[in-house]
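As provided, target-v3.pdb (PDB, C-alpha atoms) reads as follows.
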ATOM      1  CA  MET A  78      72.793-100.910 -80.263
ATOM      2  CA  THR A  79      72.197 -99.179 -76.957
ATOM      3  CA  ILE A  80      72.915 -95.466 -76.612
ATOM      4  CA  THR A  81      74.225 -94.312 -73.263
ATOM      5  CA  ARG A  82      72.875 -91.265 -71.474
ATOM      6  CA  GLN A  83      76.135 -89.418 -72.236
ATOM      7  CA  GLN A  84      75.891 -90.261 -75.962
ATOM      8  CA  ARG A  85      72.236 -89.173 -76.043
ATOM      9  CA  ALA A  86      73.127 -85.864 -74.359
ATOM     10  CA  ARG A  87      75.908 -85.322 -76.898
ATOM     11  CA  LEU A  88      73.487 -86.031 -79.788
ATOM     12  CA  VAL A  89      70.949 -83.550 -78.412
ATOM     13  CA  LYS A  90      73.665 -80.921 -78.104
ATOM     14  CA  VAL A  91      74.859 -81.538 -81.678
ATOM     15  CA  ALA A  92      71.254 -81.349 -82.961
ATOM     16  CA  ALA A  93      70.739 -78.020 -81.169
ATOM     17  CA  ILE A  94      73.969 -76.613 -82.639
ATOM     18  CA  LEU A  95      73.012 -77.756 -86.126
ATOM     19  CA  ALA A  96      69.571 -76.209 -85.728
ATOM     20  CA  VAL A  97      71.141 -72.854 -84.852
ATOM     21  CA  LEU A  98      73.596 -73.110 -87.742
ATOM     22  CA  VAL A  99      70.831 -73.591 -90.304
ATOM     23  CA  GLY A 100      68.614 -70.872 -88.849
ATOM     24  CA  PHE A 101      66.040 -72.839 -86.874
ATOM     25  CA  ASP A 102      65.399 -73.017 -83.191
ATOM     26  CA  VAL A 103      65.255 -76.447 -81.554
ATOM     27  CA  ARG A 104      61.480 -76.611 -82.050
ATOM     28  CA  GLY A 105      61.999 -76.281 -85.846
ATOM     29  CA  HIS A 106      60.674 -72.737 -86.259
ATOM     30  CA  ALA A 107      62.583 -70.256 -88.374
ATOM     31  CA  GLN A 108      64.323 -67.658 -86.230
ATOM     32  CA  SER A 109      62.631 -64.296 -86.540
ATOM     33  CA  SER A 110      64.412 -61.004 -86.462
ATOM     34  CA  PRO A 111      64.339 -59.498 -82.949
ATOM     35  CA  HIS A 112      64.311 -55.991 -84.400
ATOM     36  CA  GLY A 113      61.406 -56.495 -86.816
ATOM     37  CA  SER A 114      63.300 -55.663 -90.014
ATOM     38  CA  ASN A 115      66.527 -56.620 -91.666
ATOM     39  CA  ARG A 116      69.528 -54.558 -90.763
ATOM     40  CA  LEU A 117      72.592 -53.855 -92.867
ATOM     41  CA  VAL A 118      76.139 -54.313 -91.631
ATOM     42  CA  LEU A 119      78.776 -52.262 -93.463
ATOM     43  CA  VAL A 120      82.426 -53.206 -92.989
ATOM     44  CA  SER A 121      85.145 -50.893 -94.256
ATOM     45  CA  ILE A 122      88.407 -52.771 -94.629
ATOM     46  CA  PRO A 123      90.504 -49.574 -95.023
ATOM     47  CA  ASP A 124      88.861 -47.961 -91.975
ATOM     48  CA  ARG A 125      88.866 -51.222 -89.996
ATOM     49  CA  LYS A 126      85.396 -50.359 -88.781
ATOM     50  CA  LEU A 127      81.923 -51.865 -88.855
ATOM     51  CA  ALA A 128      78.598 -50.004 -88.795
ATOM     52  CA  VAL A 129      75.068 -51.299 -88.315
ATOM     53  CA  LEU A 130      72.379 -49.458 -90.270
ATOM     54  CA  GLU A 131      68.635 -49.628 -89.879
ATOM     55  CA  ASN A 132      66.436 -47.775 -92.362
ATOM     56  CA  GLY A 133      69.546 -46.011 -93.665
ATOM     57  CA  GLU A 134      70.534 -44.663 -90.230
ATOM     58  CA  VAL A 135      73.686 -45.710 -88.375
ATOM     59  CA  ILE A 136      72.681 -47.230 -85.056
ATOM     60  CA  ALA A 137      76.108 -48.553 -83.967
ATOM     61  CA  ARG A 138      79.796 -48.455 -84.926
ATOM     62  CA  PHE A 139      82.620 -50.752 -83.834
ATOM     63  CA  ASP A 140      86.374 -51.031 -84.407
ATOM     64  CA  VAL A 141      87.363 -54.342 -86.021
ATOM     65  CA  ALA A 142      90.302 -56.415 -87.194
ATOM     66  CA  VAL A 143      90.201 -57.512 -90.830
ATOM     67  CA  GLY A 144      92.045 -60.135 -92.843
ATOM     68  CA  ALA A 145      95.828 -59.981 -93.020
ATOM     69  CA  ALA A 146      97.512 -59.535 -96.419
ATOM     70  CA  VAL A 147      98.120 -63.301 -96.665
ATOM     71  CA  SER A 148      94.480 -64.089 -95.822
ATOM     72  CA  PRO A 149      92.361 -61.085 -96.835
ATOM     73  CA  SER A 150      88.733 -60.604 -95.892
ATOM     74  CA  PRO A 151      86.303 -61.401 -98.686
ATOM     75  CA  ARG A 152      84.747 -58.390-100.360
ATOM     76  CA  GLY A 153      81.173 -58.128-101.508
ATOM     77  CA  GLU A 154      77.633 -58.684-100.330
ATOM     78  CA  PHE A 155      76.881 -61.462 -97.870
ATOM     79  CA  GLU A 156      74.161 -62.619 -95.524
ATOM     80  CA  ILE A 157      74.241 -63.810 -91.927
ATOM     81  CA  VAL A 158      73.328 -67.498 -92.019
ATOM     82  CA  SER A 159      74.121 -68.574 -88.451
ATOM     83  CA  ARG A 160      74.346 -67.186 -84.919
ATOM     84  CA  VAL A 161      76.251 -69.101 -82.262
ATOM     85  CA  ALA A 162      76.830 -68.088 -78.646
ATOM     86  CA  ASN A 163      79.948 -69.585 -77.045
ATOM     87  CA  PRO A 164      81.127 -71.273 -80.253
ATOM     88  CA  THR A 165      83.617 -74.096 -80.587
ATOM     89  CA  TYR A 166      86.550 -73.323 -82.898
ATOM     90  CA  TYR A 167      87.358 -75.860 -85.624
ATOM     91  CA  HIS A 168      90.346 -75.570 -87.952
ATOM     92  CA  GLU A 169      92.281 -78.342 -89.722
ATOM     93  CA  GLY A 170      92.396 -80.918 -86.954
ATOM     94  CA  VAL A 171      92.200 -78.363 -84.136
ATOM     95  CA  VAL A 172      89.146 -78.146 -81.906
ATOM     96  CA  ILE A 173      89.022 -75.507 -79.182
ATOM     97  CA  PRO A 174      85.917 -75.486 -76.978
ATOM     98  CA  ALA A 175      84.186 -72.316 -75.844
ATOM     99  CA  GLY A 176      86.189 -70.466 -73.230
ATOM    100  CA  LYS A 177      88.977 -68.004 -72.652
ATOM    101  CA  GLY A 178      91.404 -69.490 -75.200
ATOM    102  CA  ASN A 179      88.889 -69.688 -78.054
ATOM    103  CA  PRO A 180      90.148 -67.680 -81.077
ATOM    104  CA  VAL A 181      86.597 -66.762 -82.172
ATOM    105  CA  GLY A 182      85.680 -65.379 -78.775
ATOM    106  CA  THR A 183      82.230 -65.577 -77.245
ATOM    107  CA  ARG A 184      79.994 -65.050 -80.289
ATOM    108  CA  TRP A 185      79.951 -66.069 -83.985
ATOM    109  CA  LEU A 186      77.865 -64.685 -86.843
ATOM    110  CA  GLY A 187      78.456 -66.973 -89.806
ATOM    111  CA  LEU A 188      78.290 -65.592 -93.341
ATOM    112  CA  ASN A 189      77.075 -67.347 -96.475
ATOM    113  CA  GLU A 190      80.727 -67.506 -97.574
ATOM    114  CA  LYS A 191      81.930 -70.816 -96.124
ATOM    115  CA  GLY A 192      84.446 -70.407 -93.319
ATOM    116  CA  TYR A 193      83.936 -66.658 -92.890
ATOM    117  CA  GLY A 194      82.126 -64.770 -90.191
ATOM    118  CA  ILE A 195      82.034 -61.899 -87.761
ATOM    119  CA  HIS A 196      83.214 -62.943 -84.318
ATOM    120  CA  GLY A 197      84.876 -62.054 -81.053
ATOM    121  CA  THR A 198      88.521 -62.740 -80.300
ATOM    122  CA  ASN A 199      90.953 -63.922 -77.659
ATOM    123  CA  ALA A 200      93.450 -61.356 -79.045
ATOM    124  CA  PRO A 201      91.848 -57.937 -78.424
ATOM    125  CA  SER A 202      95.110 -56.157 -79.313
ATOM    126  CA  SER A 203      94.502 -57.224 -82.949
ATOM    127  CA  ILE A 204      91.511 -54.871 -83.237
ATOM    128  CA  GLY A 205      92.286 -52.017 -85.611
ATOM    129  CA  HIS A 206      94.764 -54.113 -87.598
ATOM    130  CA  ALA A 207      94.807 -56.413 -90.626
ATOM    131  CA  ALA A 208      95.398 -59.503 -88.515
ATOM    132  CA  SER A 209      92.726 -62.171 -89.021
ATOM    133  CA  HIS A 210      92.481 -65.158 -91.343
ATOM    134  CA  GLY A 211      89.828 -63.242 -93.292
ATOM    135  CA  CYS A 212      87.045 -62.986 -90.744
ATOM    136  CA  ILE A 213      85.925 -59.733 -89.160
ATOM    137  CA  ARG A 214      86.934 -59.641 -85.464
ATOM    138  CA  LEU A 215      85.584 -57.487 -82.652
ATOM    139  CA  ARG A 216      86.438 -57.227 -78.978
ATOM    140  CA  ASN A 217      84.261 -59.758 -77.137
ATOM    141  CA  ARG A 218      82.251 -57.075 -75.330
ATOM    142  CA  ASP A 219      81.541 -55.342 -78.658
ATOM    143  CA  MET A 220      80.703 -58.648 -80.341
ATOM    144  CA  GLU A 221      78.258 -59.510 -77.586
ATOM    145  CA  LYS A 222      76.491 -56.169 -78.150
ATOM    146  CA  LEU A 223      76.513 -56.626 -81.952
ATOM    147  CA  PHE A 224      75.167 -60.183 -81.568
ATOM    148  CA  THR A 225      72.012 -58.842 -79.872
ATOM    149  CA  MET A 226      71.436 -56.430 -82.771
ATOM    150  CA  LEU A 227      71.603 -58.902 -85.662
ATOM    151  CA  ASN A 228      69.964 -62.091 -86.795
ATOM    152  CA  VAL A 229      69.935 -64.640 -89.556
ATOM    153  CA  GLY A 230      69.018 -62.942 -92.827
ATOM    154  CA  ASP A 231      70.630 -59.584 -92.091
ATOM    155  CA  ALA A 232      72.851 -58.315 -94.927
ATOM    156  CA  VAL A 233      76.600 -57.706 -94.649
ATOM    157  CA  GLU A 234      78.611 -55.625 -97.125
ATOM    158  CA  ILE A 235      82.390 -55.779 -96.880
ATOM    159  CA  SER A 236      84.133 -53.033 -98.835
ATOM    160  CA  GLY A 237      87.813 -52.993 -99.740
ATOM    161  CA  GLU A 238      87.781 -49.388-100.942
ATOM    162  CA  ARG A 239      86.658 -46.238 -99.252
ATOM    163  CA  ASP A 240      83.978 -44.250-101.074
ATOM    164  CA  GLU A 241      81.839 -41.211-100.248
ATOM    165  CA  GLU A 242      79.249 -43.313 -98.389
ATOM    166  CA  LEU A 243      81.863 -44.952 -96.159
ATOM    167  CA  ALA A 244      83.559 -41.587 -95.600
ATOM    168  CA  GLU A 245      80.233 -40.192 -94.415
ATOM    169  CA  ILE A 246      79.549 -43.165 -92.135
ATOM    170  CA  PHE A 247      83.038 -43.527 -90.657
ATOM    171  CA  GLY A 248      84.279 -39.934 -90.929
ATOM    172  CA  GLY A 249      86.994 -38.256 -92.934
ATOM    173  CA  ASN A 250      87.376 -37.997 -96.694
ATOM    174  CA  SER A 251      87.026 -40.697 -99.301
ATOM    175  CA  THR A 252      90.245 -42.259-100.612
ATOM    176  CA  VAL A 253      89.788 -40.623-104.021
ATOM    177  CA  ALA A 254      89.196 -37.176-102.529
ATOM    178  CA  SER A 255      92.119 -37.571-100.136
ATOM    179  CA  ALA A 256      94.460 -38.639-102.927
ATOM    180  CA  ARG A 257      93.266 -35.828-105.216
ATOM    181  CA  GLU A 258      93.752 -33.219-102.485
ATOM    182  CA  SER A 259      97.273 -34.432-101.772
ATOM    183  CA  GLY A 260      98.264 -34.307-105.439
ATOM    184  CA  GLN A 261      98.695 -38.082-105.771
ATOM    185  CA  ILE A 262      96.309 -38.365-108.726
ATOM    186  CA  GLY A 263      95.113 -36.115-111.521
ATOM    187  CA  GLY A 264      98.292 -35.838-113.599
ATOM    188  CA  GLN A 265     100.625 -34.484-110.961
TER
END
Reformat the file's structure so that it appears as structure tokens.
Amino acid sequence: MTITRQQRARLVKVAAILAVLVGFDVRGHAQSSPHGSNRLVLVSIPDRKLAVLENGEVIARFDVAVGAAVSPSPRGEFEIVSRVANPTYYHEGVVIPAGKGNPVGTRWLGLNEKGYGIHGTNAPSSIGHAASHGCIRLRNRDMEKLFTMLNVGDAVEISGERDEELAEIFGGNSTVASARESGQIGGQ
């Protein structure tokens, strides 16, 4: 069987994409962290915000969209397992190439929870709302900045409840303190 030049080019492109998805560059070397140490991404679902921490210090904050009630964002501890610039969107028989109409925007950070990631969007008005299919969305310009700060292996924690740590990072009071102060809990 003879492979045409177009088929060979397509195979090379697929191999390069697969290499990125599994954390290797096209020469087969593991991708190293550009910042020298692992960073932590904290996502607060109630705040609809994301923070990047390095050595316990917040180095960036972004507004995000989180999962809608019918398709909530997963909660827990995850790891970034892939980084893709100008991703193609795949969903149940739908394939949308990179470009203006792509629902995952210009960058994708895949998590070790199949089908979930942190990505850009073609619907920037959704930012600040519970509007996604479970992924964490950022405006494309913010996602492009975040993409340069993170790499495969960095940890991601997605929290569904606000606690003292998140209140300190994102501002305001914790949910428990706010409810207690308003008389909503504590026997009243």
Practice problem: May I ask for the distance between CA of Val158 in chain A and CA of Asn228 in chain A, given in Å to one decimal place? | Solution: 8.2 Å
Quiz item: Hey, can you pull every residue with an atom no more than 7 Å from (88.6, -54.2, -78.1), using all atoms listed in the file, and send it as a VMD selection string?
Solution: chain A and resid 201 to 202 204 215 to 216
Exercise. Tell me which residues the PyMOL selection byres ((chain A and resi 179) around 12) grabs here, as a PyMOL selection string.
Key: chain A and resi 163-168+171-178+180-185+196-200+217
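For the pair CA of Gly237 in chain A and CA of Lys126 in chain A, the separation is 11.5 Å.
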Tell me, as an mmCIF file with C-alpha atoms, in the frame of the given file, which residues lie within 12 Å of Gly249 in chain A, counting all atoms listed in the file; anything in the same chain fewer than 6 positions away does not count.
data_model
loop_
_atom_site.group_PDB
_atom_site.id
_atom_site.type_symbol
_atom_site.label_atom_id
_atom_site.label_comp_id
_atom_site.auth_asym_id
_atom_site.auth_seq_id
_atom_site.Cartn_x
_atom_site.Cartn_y
_atom_site.Cartn_z
ATOM 1 C CA ASP A 124 88.861 -47.961 -91.975
ATOM 2 C CA ARG A 239 86.658 -46.238 -99.252
ATOM 3 C CA ASP A 240 83.978 -44.250 -101.074
ATOM 4 C CA GLU A 241 81.839 -41.211 -100.248
ATOM 5 C CA GLU A 242 79.249 -43.313 -98.389
ATOM 6 C CA LEU A 243 81.863 -44.952 -96.159
ATOM 7 C CA SER A 255 92.119 -37.571 -100.136
#
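For the file shown, the residue list from the PyMOL selection byres ((chain A and resi 212) around 7) reads Val143, Gly144, Ser150, Tyr193, Gly194, Ile195, Ser209, His210, Gly211, Ile213 and Arg214 of chain A.
Remark: for Val118 in chain A, the closest of the candidate residues A:Ala208, A:Ile157, A:Val135, A:Leu130 is A:Leu130 (distances computed over all atoms listed in the file).
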Quiz item: So which one's closest to Met226 in chain A, A:Gly170, A:Ala142, A:Leu186, A:Pro149? Using all atoms listed in the file, please.
Solution: A:Leu186
Exercise. In Å, rounded to a single decimal, give me how far CA of Lys222 in chain A is from CA of Ile136 in chain A.
Key: 11.9 Å
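Minimum atom-to-atom distance to Asn132 in chain A, evaluated using all atoms listed in the file, belongs to A:Leu117 out of A:Leu223, A:Ala162, A:Val233, A:Leu117.
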Self-check item: Closest of A:Asp219, A:Glu190, A:Glu169, A:Asp140 to Phe155 in chain A - atom-to-atom distances counting only C-alpha atoms
Solution: A:Glu190
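Closest to Ala137 in chain A among A:Ser203, A:Asn189, A:Thr225, A:Ser159 is A:Thr225, based on all atoms listed in the file.
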Would you list the contacts of Glu238 in chain A as a PDB file with C-alpha atoms, keeping the file's coordinate frame, taking every protein, DNA or RNA residue within 12 Å and counting only C-alpha atoms, but skipping same-chain residues closer than 4 positions in sequence?
ATOM      1  CA  VAL A 120      82.426 -53.206 -92.989  1.00  0.00           C
ATOM      2  CA  SER A 121      85.145 -50.893 -94.256  1.00  0.00           C
ATOM      3  CA  ILE A 122      88.407 -52.771 -94.629  1.00  0.00           C
ATOM      4  CA  PRO A 123      90.504 -49.574 -95.023  1.00  0.00           C
ATOM      5  CA  ASP A 124      88.861 -47.961 -91.975  1.00  0.00           C
ATOM      6  CA  ARG A 125      88.866 -51.222 -89.996  1.00  0.00           C
ATOM      7  CA  ARG A 152      84.747 -58.390-100.360  1.00  0.00           C
ATOM      8  CA  GLY A 153      81.173 -58.128-101.508  1.00  0.00           C
ATOM      9  CA  GLU A 234      78.611 -55.625 -97.125  1.00  0.00           C
ATOM     10  CA  GLU A 242      79.249 -43.313 -98.389  1.00  0.00           C
ATOM     11  CA  LEU A 243      81.863 -44.952 -96.159  1.00  0.00           C
ATOM     12  CA  ALA A 244      83.559 -41.587 -95.600  1.00  0.00           C
ATOM     13  CA  SER A 251      87.026 -40.697 -99.301  1.00  0.00           C
ATOM     14  CA  THR A 252      90.245 -42.259-100.612  1.00  0.00           C
ATOM     15  CA  VAL A 253      89.788 -40.623-104.021  1.00  0.00           C
TER      16      VAL A 253
END
Starting from the sparse input, extend range 170-205 of chain A to N, CA and C atoms and give the output as a PDB file, in the frame of the given file.
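This went into part-v2.pdb:
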ATOM      1  N   GLY A 170      91.967 -80.003 -88.000  1.00  0.00           N
ATOM      2  CA  GLY A 170      92.396 -80.918 -86.954  1.00  0.00           C
ATOM      3  C   GLY A 170      92.492 -80.312 -85.567  1.00  0.00           C
ATOM      4  N   VAL A 171      92.156 -79.037 -85.432  1.00  0.00           N
ATOM      5  CA  VAL A 171      92.200 -78.363 -84.136  1.00  0.00           C
ATOM      6  C   VAL A 171      90.769 -78.071 -83.700  1.00  0.00           C
ATOM      7  N   VAL A 172      90.449 -78.448 -82.477  1.00  0.00           N
ATOM      8  CA  VAL A 172      89.146 -78.146 -81.906  1.00  0.00           C
ATOM      9  C   VAL A 172      89.383 -77.470 -80.567  1.00  0.00           C
ATOM     10  N   ILE A 173      88.875 -76.244 -80.435  1.00  0.00           N
ATOM     11  CA  ILE A 173      89.022 -75.507 -79.182  1.00  0.00           C
ATOM     12  C   ILE A 173      87.625 -75.182 -78.672  1.00  0.00           C
ATOM     13  N   PRO A 174      87.266 -75.732 -77.502  1.00  0.00           N
ATOM     14  CA  PRO A 174      85.917 -75.486 -76.978  1.00  0.00           C
ATOM     15  C   PRO A 174      85.743 -74.028 -76.546  1.00  0.00           C
ATOM     16  N   ALA A 175      84.496 -73.660 -76.335  1.00  0.00           N
ATOM     17  CA  ALA A 175      84.186 -72.316 -75.844  1.00  0.00           C
ATOM     18  C   ALA A 175      84.976 -72.054 -74.571  1.00  0.00           C
ATOM     19  N   GLY A 176      85.425 -70.831 -74.414  1.00  0.00           N
ATOM     20  CA  GLY A 176      86.189 -70.466 -73.230  1.00  0.00           C
ATOM     21  C   GLY A 176      87.217 -69.415 -73.548  1.00  0.00           C
ATOM     22  N   LYS A 177      88.027 -69.111 -72.565  1.00  0.00           N
ATOM     23  CA  LYS A 177      88.977 -68.004 -72.652  1.00  0.00           C
ATOM     24  C   LYS A 177      89.970 -68.126 -73.816  1.00  0.00           C
ATOM     25  N   GLY A 178      90.408 -69.313 -74.146  1.00  0.00           N
ATOM     26  CA  GLY A 178      91.404 -69.490 -75.200  1.00  0.00           C
ATOM     27  C   GLY A 178      90.833 -69.630 -76.598  1.00  0.00           C
ATOM     28  N   ASN A 179      89.519 -69.491 -76.755  1.00  0.00           N
ATOM     29  CA  ASN A 179      88.889 -69.688 -78.054  1.00  0.00           C
ATOM     30  C   ASN A 179      89.176 -68.508 -78.981  1.00  0.00           C
ATOM     31  N   PRO A 180      89.786 -68.763 -80.156  1.00  0.00           N
ATOM     32  CA  PRO A 180      90.148 -67.680 -81.077  1.00  0.00           C
ATOM     33  C   PRO A 180      88.965 -66.904 -81.643  1.00  0.00           C
ATOM     34  N   VAL A 181      87.753 -67.492 -81.647  1.00  0.00           N
ATOM     35  CA  VAL A 181      86.597 -66.762 -82.172  1.00  0.00           C
ATOM     36  C   VAL A 181      85.771 -66.117 -81.067  1.00  0.00           C
ATOM     37  N   GLY A 182      86.314 -66.096 -79.871  1.00  0.00           N
ATOM     38  CA  GLY A 182      85.680 -65.379 -78.775  1.00  0.00           C
ATOM     39  C   GLY A 182      84.372 -65.992 -78.314  1.00  0.00           C
ATOM     40  N   THR A 183      83.463 -65.124 -77.888  1.00  0.00           N
ATOM     41  CA  THR A 183      82.230 -65.577 -77.245  1.00  0.00           C
ATOM     42  C   THR A 183      81.020 -65.630 -78.160  1.00  0.00           C
ATOM     43  N   ARG A 184      81.137 -65.064 -79.373  1.00  0.00           N
ATOM     44  CA  ARG A 184      79.994 -65.050 -80.289  1.00  0.00           C
ATOM     45  C   ARG A 184      80.477 -65.200 -81.730  1.00  0.00           C
ATOM     46  N   TRP A 185      79.648 -65.844 -82.569  1.00  0.00           N
ATOM     47  CA  TRP A 185      79.951 -66.069 -83.985  1.00  0.00           C
ATOM     48  C   TRP A 185      78.711 -65.751 -84.809  1.00  0.00           C
ATOM     49  N   LEU A 186      78.886 -64.927 -85.831  1.00  0.00           N
ATOM     50  CA  LEU A 186      77.865 -64.685 -86.843  1.00  0.00           C
ATOM     51  C   LEU A 186      78.435 -65.212 -88.152  1.00  0.00           C
ATOM     52  N   GLY A 187      77.936 -66.352 -88.596  1.00  0.00           N
ATOM     53  CA  GLY A 187      78.456 -66.973 -89.806  1.00  0.00           C
ATOM     54  C   GLY A 187      77.876 -66.341 -91.056  1.00  0.00           C
ATOM     55  N   LEU A 188      78.721 -66.158 -92.059  1.00  0.00           N
ATOM     56  CA  LEU A 188      78.290 -65.592 -93.341  1.00  0.00           C
ATOM     57  C   LEU A 188      78.035 -66.696 -94.350  1.00  0.00           C
ATOM     58  N   ASN A 189      77.347 -66.368 -95.430  1.00  0.00           N
ATOM     59  CA  ASN A 189      77.075 -67.347 -96.475  1.00  0.00           C
ATOM     60  C   ASN A 189      78.278 -67.554 -97.393  1.00  0.00           C
ATOM     61  N   GLU A 190      79.445 -67.202 -96.924  1.00  0.00           N
ATOM     62  CA  GLU A 190      80.727 -67.506 -97.574  1.00  0.00           C
ATOM     63  C   GLU A 190      81.412 -68.488 -96.627  1.00  0.00           C
ATOM     64  N   LYS A 191      81.462 -69.745 -97.015  1.00  0.00           N
ATOM     65  CA  LYS A 191      81.930 -70.816 -96.124  1.00  0.00           C
ATOM     66  C   LYS A 191      83.246 -70.469 -95.430  1.00  0.00           C
ATOM     67  N   GLY A 192      83.248 -70.630 -94.115  1.00  0.00           N
ATOM     68  CA  GLY A 192      84.446 -70.407 -93.319  1.00  0.00           C
ATOM     69  C   GLY A 192      84.645 -68.975 -92.844  1.00  0.00           C
ATOM     70  N   TYR A 193      83.778 -68.063 -93.266  1.00  0.00           N
ATOM     71  CA  TYR A 193      83.936 -66.658 -92.890  1.00  0.00           C
ATOM     72  C   TYR A 193      82.797 -66.203 -91.996  1.00  0.00           C
ATOM     73  N   GLY A 194      83.135 -65.306 -91.082  1.00  0.00           N
ATOM     74  CA  GLY A 194      82.126 -64.770 -90.191  1.00  0.00           C
ATOM     75  C   GLY A 194      82.601 -63.513 -89.502  1.00  0.00           C
ATOM     76  N   ILE A 195      81.747 -63.031 -88.640  1.00  0.00           N
ATOM     77  CA  ILE A 195      82.034 -61.899 -87.761  1.00  0.00           C
ATOM     78  C   ILE A 195      82.037 -62.504 -86.366  1.00  0.00           C
ATOM     79  N   HIS A 196      83.102 -62.263 -85.612  1.00  0.00           N
ATOM     80  CA  HIS A 196      83.214 -62.943 -84.318  1.00  0.00           C
ATOM     81  C   HIS A 196      84.045 -62.148 -83.326  1.00  0.00           C
ATOM     82  N   GLY A 197      84.034 -62.618 -82.092  1.00  0.00           N
ATOM     83  CA  GLY A 197      84.876 -62.054 -81.053  1.00  0.00           C
ATOM     84  C   GLY A 197      86.304 -62.549 -81.224  1.00  0.00           C
ATOM     85  N   THR A 198      87.122 -62.330 -80.202  1.00  0.00           N
ATOM     86  CA  THR A 198      88.521 -62.740 -80.300  1.00  0.00           C
ATOM     87  C   THR A 198      89.126 -62.951 -78.915  1.00  0.00           C
ATOM     88  N   ASN A 199      90.154 -63.782 -78.875  1.00  0.00           N
ATOM     89  CA  ASN A 199      90.953 -63.922 -77.659  1.00  0.00           C
ATOM     90  C   ASN A 199      92.222 -63.068 -77.766  1.00  0.00           C
ATOM     91  N   ALA A 200      92.304 -62.250 -78.818  1.00  0.00           N
ATOM     92  CA  ALA A 200      93.450 -61.356 -79.045  1.00  0.00           C
ATOM     93  C   ALA A 200      92.942 -59.929 -79.278  1.00  0.00           C
ATOM     94  N   PRO A 201      92.435 -59.265 -78.237  1.00  0.00           N
ATOM     95  CA  PRO A 201      91.848 -57.937 -78.424  1.00  0.00           C
ATOM     96  C   PRO A 201      92.834 -56.896 -78.953  1.00  0.00           C
ATOM     97  N   SER A 202      94.127 -57.121 -78.793  1.00  0.00           N
ATOM     98  CA  SER A 202      95.110 -56.157 -79.313  1.00  0.00           C
ATOM     99  C   SER A 202      95.164 -56.175 -80.842  1.00  0.00           C
ATOM    100  N   SER A 203      94.530 -57.168 -81.483  1.00  0.00           N
ATOM    101  CA  SER A 203      94.502 -57.224 -82.949  1.00  0.00           C
ATOM    102  C   SER A 203      93.476 -56.258 -83.548  1.00  0.00           C
ATOM    103  N   ILE A 204      92.562 -55.765 -82.738  1.00  0.00           N
ATOM    104  CA  ILE A 204      91.511 -54.871 -83.237  1.00  0.00           C
ATOM    105  C   ILE A 204      92.154 -53.594 -83.767  1.00  0.00           C
ATOM    106  N   GLY A 205      91.715 -53.190 -84.957  1.00  0.00           N
ATOM    107  CA  GLY A 205      92.286 -52.017 -85.611  1.00  0.00           C
ATOM    108  C   GLY A 205      93.392 -52.374 -86.590  1.00  0.00           C
TER     109      GLY A 205
END
